[in-house]
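Raw contents of upload_25.cif, mmCIF, C-alpha atoms:
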data_start
loop_
_atom_site.label_atom_id
_atom_site.label_comp_id
_atom_site.auth_asym_id
_atom_site.auth_seq_id
_atom_site.Cartn_x
_atom_site.Cartn_y
_atom_site.Cartn_z
CA MET A 1 -164.72 -9.35 -62.89
CA ASP A 2 -164.57 -12.35 -60.55
CA GLU A 3 -161.72 -12.76 -58.06
CA GLN A 4 -160.12 -15.63 -59.97
CA THR A 5 -159.91 -13.58 -63.18
CA THR A 6 -158.65 -10.48 -61.33
CA LEU A 7 -155.89 -12.44 -59.61
CA LEU A 8 -154.90 -14.23 -62.81
CA GLU A 9 -154.76 -10.97 -64.76
CA GLN A 10 -152.47 -9.48 -62.08
CA ILE A 11 -150.11 -12.46 -62.50
CA MET A 12 -150.30 -12.07 -66.27
CA ALA A 13 -149.39 -8.38 -65.96
CA TYR A 14 -146.32 -9.09 -63.81
CA ASP A 15 -145.28 -12.02 -66.00
CA PHE A 16 -145.56 -9.84 -69.08
CA ALA A 17 -143.41 -7.15 -67.44
CA LEU A 18 -140.90 -9.89 -66.58
CA TYR A 19 -140.79 -11.15 -70.16
CA ASP A 20 -140.37 -7.66 -71.60
CA LEU A 21 -137.52 -7.03 -69.15
CA GLN A 22 -136.00 -10.40 -70.07
CA LEU A 23 -135.78 -9.34 -73.74
CA PHE A 24 -134.30 -5.97 -72.72
CA LEU A 25 -131.73 -7.65 -70.47
CA ASP A 26 -130.74 -10.05 -73.28
CA THR A 27 -129.29 -7.10 -75.20
CA HIS A 28 -128.43 -4.97 -72.10
CA PRO A 29 -127.08 -7.59 -69.64
CA SER A 30 -125.27 -4.98 -67.49
CA ASP A 31 -128.27 -2.68 -66.95
CA GLU A 32 -128.62 -2.61 -63.15
CA ASN A 33 -131.96 -0.75 -63.15
CA ALA A 34 -133.58 -3.31 -65.40
CA LEU A 35 -132.17 -6.12 -63.28
CA ARG A 36 -133.59 -4.48 -60.13
CA ASP A 37 -137.03 -4.13 -61.80
CA TYR A 38 -136.84 -7.78 -62.83
CA LYS A 39 -136.17 -8.90 -59.25
CA MET A 40 -139.10 -6.79 -57.94
CA ALA A 41 -141.58 -8.07 -60.54
CA LEU A 42 -140.43 -11.66 -59.97
CA GLU A 43 -141.14 -11.41 -56.25
CA GLN A 44 -144.63 -9.96 -56.90
CA SER A 45 -145.44 -12.59 -59.50
CA GLU A 46 -144.35 -15.45 -57.26
CA ASN A 47 -146.42 -14.20 -54.30
CA LEU A 48 -149.55 -13.83 -56.45
CA ARG A 49 -148.92 -17.21 -58.08
CA LYS A 50 -148.83 -18.91 -54.66
CA GLN A 51 -152.16 -17.27 -53.75
CA PHE A 52 -153.77 -18.19 -57.07
CA GLN A 53 -152.63 -21.81 -57.17
CA SER A 54 -153.69 -22.59 -53.60
CA LYS A 55 -157.20 -21.26 -54.36
CA TYR A 56 -157.81 -22.16 -57.99
CA GLY A 57 -155.37 -24.92 -58.94
CA PRO A 58 -152.21 -25.26 -60.99
CA LEU A 59 -150.85 -22.74 -63.52
CA ASN A 60 -148.32 -25.36 -64.53
CA ALA A 61 -148.14 -29.10 -63.96
CA ARG A 62 -145.30 -28.79 -61.43
CA TYR A 63 -147.66 -27.29 -58.85
CA LEU A 64 -148.99 -30.31 -56.98
CA PRO A 65 -151.82 -29.52 -54.57
CA ASN A 66 -152.43 -31.80 -51.61
CA THR A 67 -155.18 -33.89 -53.18
CA THR A 68 -155.57 -37.37 -54.58
CA CYS A 69 -156.74 -36.28 -58.01
CA TRP A 70 -154.81 -34.71 -60.90
CA GLN A 71 -156.10 -31.12 -61.04
CA TRP A 72 -154.03 -29.99 -64.03
CA ILE A 73 -156.72 -31.08 -66.51
CA ASN A 74 -159.46 -29.00 -64.84
CA ASP A 75 -161.23 -26.26 -66.80
CA PRO A 76 -160.87 -23.45 -67.63
CA TRP A 77 -158.21 -23.66 -70.34
CA PRO A 78 -157.00 -20.22 -71.44
CA TRP A 79 -158.52 -20.23 -74.95
CA ASP A 80 -162.03 -20.78 -73.57
CA TYR A 81 -162.53 -17.70 -71.36
CA LYS A 82 -164.91 -15.56 -73.47
CA GLY A 83 -165.70 -12.74 -71.08
CA GLY A 84 -164.13 -14.16 -67.93
CA MET A 85 -163.65 -17.53 -66.32
CA ASN A 86 -167.16 -17.66 -64.85
CA ASN A 87 -168.60 -17.61 -68.36
CA VAL A 88 -166.76 -20.69 -69.59
CA VAL A 89 -169.31 -23.00 -71.17
CA LEU A 90 -168.28 -26.59 -70.52
CA MET B 1 -137.28 -27.28 -73.95
CA TRP B 2 -140.54 -25.73 -72.90
CA TYR B 3 -143.18 -26.01 -70.18
CA TYR B 4 -146.78 -24.94 -70.59
CA GLU B 5 -148.26 -22.12 -68.48
CA LYS B 6 -152.05 -22.30 -68.21
CA LYS B 7 -152.63 -18.68 -69.25
CA THR B 8 -152.32 -16.52 -72.35
CA GLN B 9 -149.69 -13.77 -72.46
CA TYR B 10 -152.47 -11.16 -72.66
CA PRO B 11 -156.19 -11.70 -71.90
CA ILE B 12 -158.41 -12.93 -74.77
CA ASN B 13 -162.07 -12.60 -73.80
CA ILE B 14 -164.20 -12.08 -76.90
CA LYS B 15 -167.93 -12.04 -76.12
CA LYS B 16 -169.32 -11.34 -79.61
CA PRO B 17 -168.68 -13.87 -82.42
CA ASP B 18 -167.50 -12.40 -85.75
CA PRO B 19 -166.58 -15.17 -88.25
CA ARG B 20 -165.41 -12.75 -90.93
CA MET B 21 -162.96 -11.18 -88.47
CA ALA B 22 -161.89 -14.68 -87.41
CA VAL B 23 -160.90 -15.47 -90.99
CA ALA B 24 -159.11 -12.12 -91.37
CA ILE B 25 -157.11 -12.72 -88.16
CA LEU B 26 -156.32 -16.32 -89.21
CA THR B 27 -153.49 -15.04 -91.41
CA GLN B 28 -151.57 -14.16 -88.24
CA TYR B 29 -151.85 -17.85 -87.25
CA GLY B 30 -150.58 -19.57 -90.38
CA GLY B 31 -150.00 -16.82 -92.97
CA PRO B 32 -146.79 -15.31 -94.40
CA ASN B 33 -146.37 -12.64 -91.68
CA GLY B 34 -147.95 -14.74 -88.93
CA GLU B 35 -146.80 -15.85 -85.51
CA LEU B 36 -146.03 -19.47 -86.50
CA ALA B 37 -143.63 -18.32 -89.23
CA ALA B 38 -142.09 -15.83 -86.78
CA SER B 39 -141.56 -18.43 -84.07
CA LEU B 40 -140.04 -21.06 -86.41
CA ARG B 41 -137.86 -18.39 -88.05
CA TYR B 42 -136.25 -17.24 -84.81
CA LEU B 43 -136.08 -20.64 -83.13
CA SER B 44 -134.33 -22.05 -86.24
CA GLN B 45 -131.99 -19.08 -86.73
CA ARG B 46 -130.85 -19.09 -83.09
CA PHE B 47 -128.54 -22.06 -83.79
CA SER B 48 -126.45 -19.81 -86.07
CA MET B 49 -126.15 -16.84 -83.70
CA PRO B 50 -122.54 -16.01 -82.81
CA THR B 51 -122.82 -14.22 -79.42
CA LYS B 52 -124.50 -14.94 -76.10
CA GLU B 53 -126.78 -11.88 -76.39
CA THR B 54 -128.01 -12.82 -79.86
CA LYS B 55 -128.53 -16.50 -78.98
CA ALA B 56 -130.65 -15.34 -76.04
CA ILE B 57 -132.72 -12.79 -77.95
CA LEU B 58 -133.56 -15.16 -80.83
CA ASN B 59 -134.43 -17.91 -78.33
CA ASP B 60 -136.59 -15.64 -76.19
CA ILE B 61 -138.41 -13.78 -78.97
CA GLY B 62 -139.03 -17.13 -80.73
CA THR B 63 -140.58 -18.35 -77.50
CA GLU B 64 -142.76 -15.24 -77.10
CA GLU B 65 -144.05 -15.76 -80.66
CA LEU B 66 -145.44 -19.14 -79.56
CA ALA B 67 -147.42 -17.28 -76.89
CA HIS B 68 -148.67 -14.93 -79.62
CA LEU B 69 -149.64 -17.94 -81.77
CA GLU B 70 -151.76 -19.11 -78.85
CA MET B 71 -153.38 -15.66 -78.48
CA ILE B 72 -154.27 -15.57 -82.19
CA GLY B 73 -155.60 -19.15 -82.09
CA SER B 74 -157.74 -18.24 -79.07
CA MET B 75 -159.11 -15.19 -80.89
CA VAL B 76 -160.01 -17.20 -84.01
CA HIS B 77 -161.61 -19.89 -81.83
CA GLN B 78 -163.69 -17.42 -79.80
CA LEU B 79 -164.77 -15.44 -82.89
CA MET B 80 -165.94 -18.63 -84.68
CA ASP B 81 -167.19 -20.79 -81.82
CA LYS B 82 -170.80 -22.01 -82.05
CA VAL B 83 -171.76 -19.78 -85.02
CA SER B 84 -174.35 -21.69 -87.06
CA PRO B 85 -173.47 -22.98 -90.56
CA GLN B 86 -176.37 -20.85 -91.92
CA GLU B 87 -174.83 -17.72 -90.39
CA LEU B 88 -171.39 -18.67 -91.79
CA GLU B 89 -172.94 -19.04 -95.24
CA LYS B 90 -174.57 -15.61 -95.00
CA LEU B 91 -171.21 -14.08 -94.05
CA HIS B 92 -169.43 -15.86 -96.94
CA VAL B 93 -167.14 -17.92 -94.74
CA ASP B 94 -168.86 -21.18 -95.77
CA THR B 95 -165.86 -22.25 -97.90
CA MET B 96 -163.65 -22.23 -94.79
CA TYR B 97 -166.38 -24.17 -92.93
CA ALA B 98 -166.54 -26.78 -95.71
CA ILE B 99 -162.83 -27.57 -95.23
CA HIS B 100 -162.21 -27.20 -91.47
CA GLY B 101 -165.56 -26.69 -89.79
CA ARG B 102 -164.99 -24.09 -87.08
CA ALA B 103 -161.54 -25.43 -86.21
CA VAL B 104 -158.33 -23.41 -86.00
CA TYR B 105 -156.03 -24.49 -88.86
CA PRO B 106 -152.66 -22.89 -89.74
CA SER B 107 -153.44 -21.20 -93.03
CA ASP B 108 -153.71 -17.63 -94.26
CA SER B 109 -157.08 -15.87 -94.60
CA ASN B 110 -157.58 -17.39 -98.05
CA GLY B 111 -157.10 -20.93 -96.74
CA VAL B 112 -153.57 -21.34 -98.18
CA PRO B 113 -151.84 -23.75 -95.77
CA PHE B 114 -148.80 -22.73 -93.76
CA THR B 115 -145.45 -23.35 -95.43
CA ALA B 116 -141.85 -23.03 -94.23
CA ALA B 117 -141.25 -21.12 -97.48
CA TYR B 118 -142.47 -18.08 -95.46
CA LEU B 119 -139.16 -18.05 -93.59
CA GLU B 120 -135.43 -18.39 -94.12
CA SER B 121 -132.65 -19.61 -91.88
CA MET B 122 -129.08 -19.02 -93.03
CA GLU B 123 -125.69 -19.50 -91.38
CA ASP B 124 -125.06 -15.77 -91.83
CA PRO B 125 -126.36 -13.88 -88.75
CA ILE B 126 -126.41 -10.50 -90.54
CA ALA B 127 -128.68 -11.91 -93.25
CA ASN B 128 -130.90 -13.53 -90.59
CA LEU B 129 -131.24 -10.41 -88.44
CA ASN B 130 -132.07 -8.22 -91.43
CA GLU B 131 -134.83 -10.67 -92.35
CA ASP B 132 -136.05 -10.54 -88.76
CA LEU B 133 -136.24 -6.73 -88.76
CA ALA B 134 -138.31 -6.83 -91.97
CA ALA B 135 -140.52 -9.61 -90.58
CA GLU B 136 -141.39 -7.52 -87.50
CA GLN B 137 -142.35 -4.56 -89.70
CA LYS B 138 -144.53 -6.76 -91.95
CA ALA B 139 -146.29 -8.19 -88.91
CA ARG B 140 -146.80 -4.67 -87.52
CA ALA B 141 -148.35 -3.56 -90.82
CA THR B 142 -150.62 -6.63 -90.83
CA TYR B 143 -151.86 -5.82 -87.32
CA GLU B 144 -152.60 -2.28 -88.48
CA TYR B 145 -154.70 -3.64 -91.39
CA LEU B 146 -156.55 -5.94 -88.97
CA LEU B 147 -157.21 -3.04 -86.56
CA LYS B 148 -158.99 -1.21 -89.40
CA LEU B 149 -161.38 -4.16 -89.89
CA THR B 150 -163.10 -4.19 -86.46
CA ASP B 151 -164.67 -1.88 -83.90
CA ASP B 152 -165.02 -4.53 -81.16
CA PRO B 153 -162.89 -3.43 -78.17
CA ASP B 154 -162.44 -7.11 -77.14
CA VAL B 155 -160.68 -7.68 -80.48
CA ILE B 156 -158.92 -4.30 -80.76
CA ASP B 157 -157.28 -4.60 -77.34
CA PRO B 158 -155.22 -7.79 -77.95
CA LEU B 159 -154.46 -6.73 -81.56
CA ARG B 160 -152.98 -3.47 -80.24
CA PHE B 161 -150.92 -5.42 -77.72
CA LEU B 162 -149.57 -7.68 -80.48
CA ARG B 163 -148.83 -4.69 -82.73
CA GLU B 164 -146.83 -3.10 -79.91
CA ARG B 165 -144.80 -6.29 -79.38
CA GLU B 166 -143.70 -6.18 -83.04
CA VAL B 167 -142.28 -2.70 -82.39
CA VAL B 168 -140.40 -3.90 -79.28
CA HIS B 169 -139.02 -6.97 -81.10
CA TYR B 170 -137.85 -4.73 -83.96
CA GLN B 171 -135.96 -2.64 -81.41
CA ARG B 172 -134.31 -5.72 -79.83
CA PHE B 173 -133.34 -7.16 -83.26
CA GLY B 174 -131.76 -3.79 -84.13
CA GLU B 175 -129.65 -4.04 -80.98
CA ALA B 176 -128.77 -7.65 -81.83
CA LEU B 177 -127.62 -6.60 -85.31
CA ARG B 178 -125.41 -3.89 -83.79
CA ILE B 179 -123.90 -6.41 -81.35
CA VAL B 180 -123.13 -8.88 -84.17
CA GLN B 181 -121.58 -6.18 -86.36
CA GLU B 182 -119.39 -4.91 -83.50
CA THR B 183 -118.25 -8.43 -82.58
CA MET B 184 -117.50 -9.39 -86.17
CA GLY B 185 -115.69 -6.07 -86.69
CA LYS B 186 -113.39 -6.82 -83.75
CA LYS B 187 -112.55 -10.24 -85.16
CA LYS B 188 -111.78 -8.62 -88.56
CA PHE B 189 -114.14 -11.19 -90.03
CA TYR B 190 -115.92 -10.20 -93.21
#
What would you get if you wrote out this structure as structure tokens?
Amino acid sequence: MDEQTTLLEQIMAYDFALYDLQLFLDTHPSDENALRDYKMALEQSENLRKQFQSKYGPLNARYLPNTTCWQWINDPWPWDYKGGMNNVVL
Amino acid sequence: MWYYEKKTQYPINIKKPDPRMAVAILTQYGGPNGELAASLRYLSQRFSMPTKETKAILNDIGTEELAHLEMIGSMVHQLMDKVSPQELEKLHVDTMYAIHGRAVYPSDSNGVPFTAAYLESMEDPIANLNEDLAAEQKARATYEYLLKLTDDPDVIDPLRFLREREVVHYQRFGEALRIVQETMGKKKFY
């Protein structure tokens, strides 16, 4: 797996953990352990996201890299991966 | 409102096309137990939820279902992409090709278009949450049927993930139902 895919899949794993915890906290809002796990995963996800976006471009349109062109439209889009980002046929 | 994140909830990387499996999976895009029906069901019902917990859970599960819709659409796209019309004819998916080409269209596996008749939204939160519990079980059963139709690990992996999410959502809806019943009991509201 290439570095871009590896990094993205790490972010996806943390973001999934965050979303699962979010649903749990919706019905268990006073669960301190879940809240602590949420904080930890959020920190990890945000660190990895910073790394990813500075190297490979935006994960959402609010990340604005220091360039003169709009990078949001750049490939790959998520539905095109087919065996990893390097294999995207444009 | 929503913002788009340029990633799927779980990786979809299918290397081997399989148009018959694409058509089978299509029912989870626009069929009766599919992700579009699930998302619209919960996002519509959330307006009638009486407590902060249940507003949140309907809102957030409805949102996750949109991510699942995208996963299913990506799977259908990757399983169909660039397969020749001749190959599609051999595999008996030429009728789907005649209507939509190799596009992703919200229908069930027989081509029946999506309809809001697949879902209900009532003012009564107990009626809604019981529908939601049943819907999660029907989706789980559908994923189990789909898992029996393929031996490609690239397809099995995301289908297993989606099956597991139905189980988790069922659990959360059960908790939501308990919360609503306890709250309504306190208010002596029948």
Within 12 Å of (-127.7, -6.4, -71.1), in the coordinates the file gives, what residues turn up when you count all atoms listed in the file, written out as a tab-separated table (two decimals) with C-alpha atoms, keeping the file's coordinate frame?
chain	number	residue	atom	x	y	z
A	21	LEU	CA	-137.52	-7.03	-69.15
A	22	GLN	CA	-136.00	-10.40	-70.07
A	23	LEU	CA	-135.78	-9.34	-73.74
A	24	PHE	CA	-134.30	-5.97	-72.72
A	25	LEU	CA	-131.73	-7.65	-70.47
A	26	ASP	CA	-130.74	-10.05	-73.28
A	27	THR	CA	-129.29	-7.10	-75.20
A	28	HIS	CA	-128.43	-4.97	-72.10
A	29	PRO	CA	-127.08	-7.59	-69.64
A	30	SER	CA	-125.27	-4.98	-67.49
A	31	ASP	CA	-128.27	-2.68	-66.95
A	32	GLU	CA	-128.62	-2.61	-63.15
A	33	ASN	CA	-131.96	-0.75	-63.15
A	34	ALA	CA	-133.58	-3.31	-65.40
A	35	LEU	CA	-132.17	-6.12	-63.28
B	52	LYS	CA	-124.50	-14.94	-76.10
B	53	GLU	CA	-126.78	-11.88	-76.39
B	54	THR	CA	-128.01	-12.82	-79.86
B	56	ALA	CA	-130.65	-15.34	-76.04
B	57	ILE	CA	-132.72	-12.79	-77.95
B	172	ARG	CA	-134.31	-5.72	-79.83
B	175	GLU	CA	-129.65	-4.04	-80.98
B	176	ALA	CA	-128.77	-7.65	-81.83
B	179	ILE	CA	-123.90	-6.41	-81.35
Interface list for chain A, partner chain B, 9 Å threshold, only C-alpha atoms, as a PyMOL selection string: chain A and resi 8-9+12-13+15-16+19-20+22-29+58-61+72+76-84
Test item: which residues lie within 12 Å of (-158.9, -14.4, -59.3) counting all atoms listed in the file, as a list in words: Met1, Asp2, Glu3, Gln4, Thr5, Thr6, Leu7, Leu8, Glu9, Gln10, Ile11, Met12, Leu48, Arg49, Lys50, Gln51, Phe52, Gln53, Ser54, Lys55, Tyr56, Gly57, Gly84, Met85 and Asn86 of chain A
What would the file look like if the residues just selected were written as a CSV table (one decimal), keeping the file's coordinate frame with C-alpha atoms?
chain,number,residue,atom,x,y,z
A,1,MET,CA,-164.7,-9.4,-62.9
A,2,ASP,CA,-164.6,-12.4,-60.6
A,3,GLU,CA,-161.7,-12.8,-58.1
A,4,GLN,CA,-160.1,-15.6,-60.0
A,5,THR,CA,-159.9,-13.6,-63.2
A,6,THR,CA,-158.6,-10.5,-61.3
A,7,LEU,CA,-155.9,-12.4,-59.6
A,8,LEU,CA,-154.9,-14.2,-62.8
A,9,GLU,CA,-154.8,-11.0,-64.8
A,10,GLN,CA,-152.5,-9.5,-62.1
A,11,ILE,CA,-150.1,-12.5,-62.5
A,12,MET,CA,-150.3,-12.1,-66.3
A,48,LEU,CA,-149.6,-13.8,-56.4
A,49,ARG,CA,-148.9,-17.2,-58.1
A,50,LYS,CA,-148.8,-18.9,-54.7
A,51,GLN,CA,-152.2,-17.3,-53.8
A,52,PHE,CA,-153.8,-18.2,-57.1
A,53,GLN,CA,-152.6,-21.8,-57.2
A,54,SER,CA,-153.7,-22.6,-53.6
A,55,LYS,CA,-157.2,-21.3,-54.4
A,56,TYR,CA,-157.8,-22.2,-58.0
A,57,GLY,CA,-155.4,-24.9,-58.9
A,84,GLY,CA,-164.1,-14.2,-67.9
A,85,MET,CA,-163.6,-17.5,-66.3
A,86,ASN,CA,-167.2,-17.7,-64.8
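The interatomic distance for the pair atom CA of Ile156 of chain B and atom CA of Tyr105 of chain B works out to 21.9 Å.
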Result set, the PyMOL selection byres ((chain B and resi 138) around 12) on current file, as JSON, numbers by chain: {"B": [28, 31, 32, 33, 34, 35, 37, 38, 131, 132, 133, 134, 135, 136, 137, 139, 140, 141, 142, 143, 144, 145, 163, 166, 167, 170]}
Pairwise distance for atom CA of Arg160 of chain B and atom CA of Val23 of chain B, rounded to one decimal in Å: 18.0 Å
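Atom to atom, atom CA of Gln45 of chain B and atom CA of Thr63 of chain B stand 12.6 Å apart.
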Residues matched by the PyMOL selection byres ((chain B and resi 84) around 12) as number ranges by chain: B: 17-19, 80-83, 85-91, 93-94, 97, 101-102
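When all atoms listed in the file are used to compute distances to Leu129 of chain B, the closest of the residues B:Asn110, B:Thr95, B:Ser48, B:Thr183 turns out to be B:Ser48.
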Let me have the centre and edge lengths in Å, one decimal, of the box along x, y and z around every listed atom of segment 58-63 of chain A with 8 Å of margin on each side, as AutoDock Vina command-line options.
--center_x -148.8 --center_y -25.9 --center_z -61.7 --size_x 22.9 --size_y 22.4 --size_z 21.7
Proximity to Lys39 of chain A - best of A:Ala17, A:Arg62, A:Trp70, A:Asp75, only C-alpha atoms: A:Ala17
Explicit residues for the PyMOL selection byres ((chain B and resi 120) around 9) (as a list in words):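 Expected selection for the PyMOL selection byres ((chain B and resi 120) around 9) here is Arg41, Ser44, Gln45, Ala116, Ala117, Tyr118, Leu119, Ser121, Met122, Asn128 and Glu131 of chain B.
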Selection file, C-alpha atoms, as an mmCIF file, in the frame of the given file:
data_model
loop_
_atom_site.group_PDB
_atom_site.id
_atom_site.type_symbol
_atom_site.label_atom_id
_atom_site.label_comp_id
_atom_site.auth_asym_id
_atom_site.auth_seq_id
_atom_site.Cartn_x
_atom_site.Cartn_y
_atom_site.Cartn_z
ATOM 1 C CA ARG B 41 -137.860 -18.390 -88.050
ATOM 2 C CA SER B 44 -134.330 -22.050 -86.240
ATOM 3 C CA GLN B 45 -131.990 -19.080 -86.730
ATOM 4 C CA ALA B 116 -141.850 -23.030 -94.230
ATOM 5 C CA ALA B 117 -141.250 -21.120 -97.480
ATOM 6 C CA TYR B 118 -142.470 -18.080 -95.460
ATOM 7 C CA LEU B 119 -139.160 -18.050 -93.590
ATOM 8 C CA SER B 121 -132.650 -19.610 -91.880
ATOM 9 C CA MET B 122 -129.080 -19.020 -93.030
ATOM 10 C CA ASN B 128 -130.900 -13.530 -90.590
ATOM 11 C CA GLU B 131 -134.830 -10.670 -92.350
#
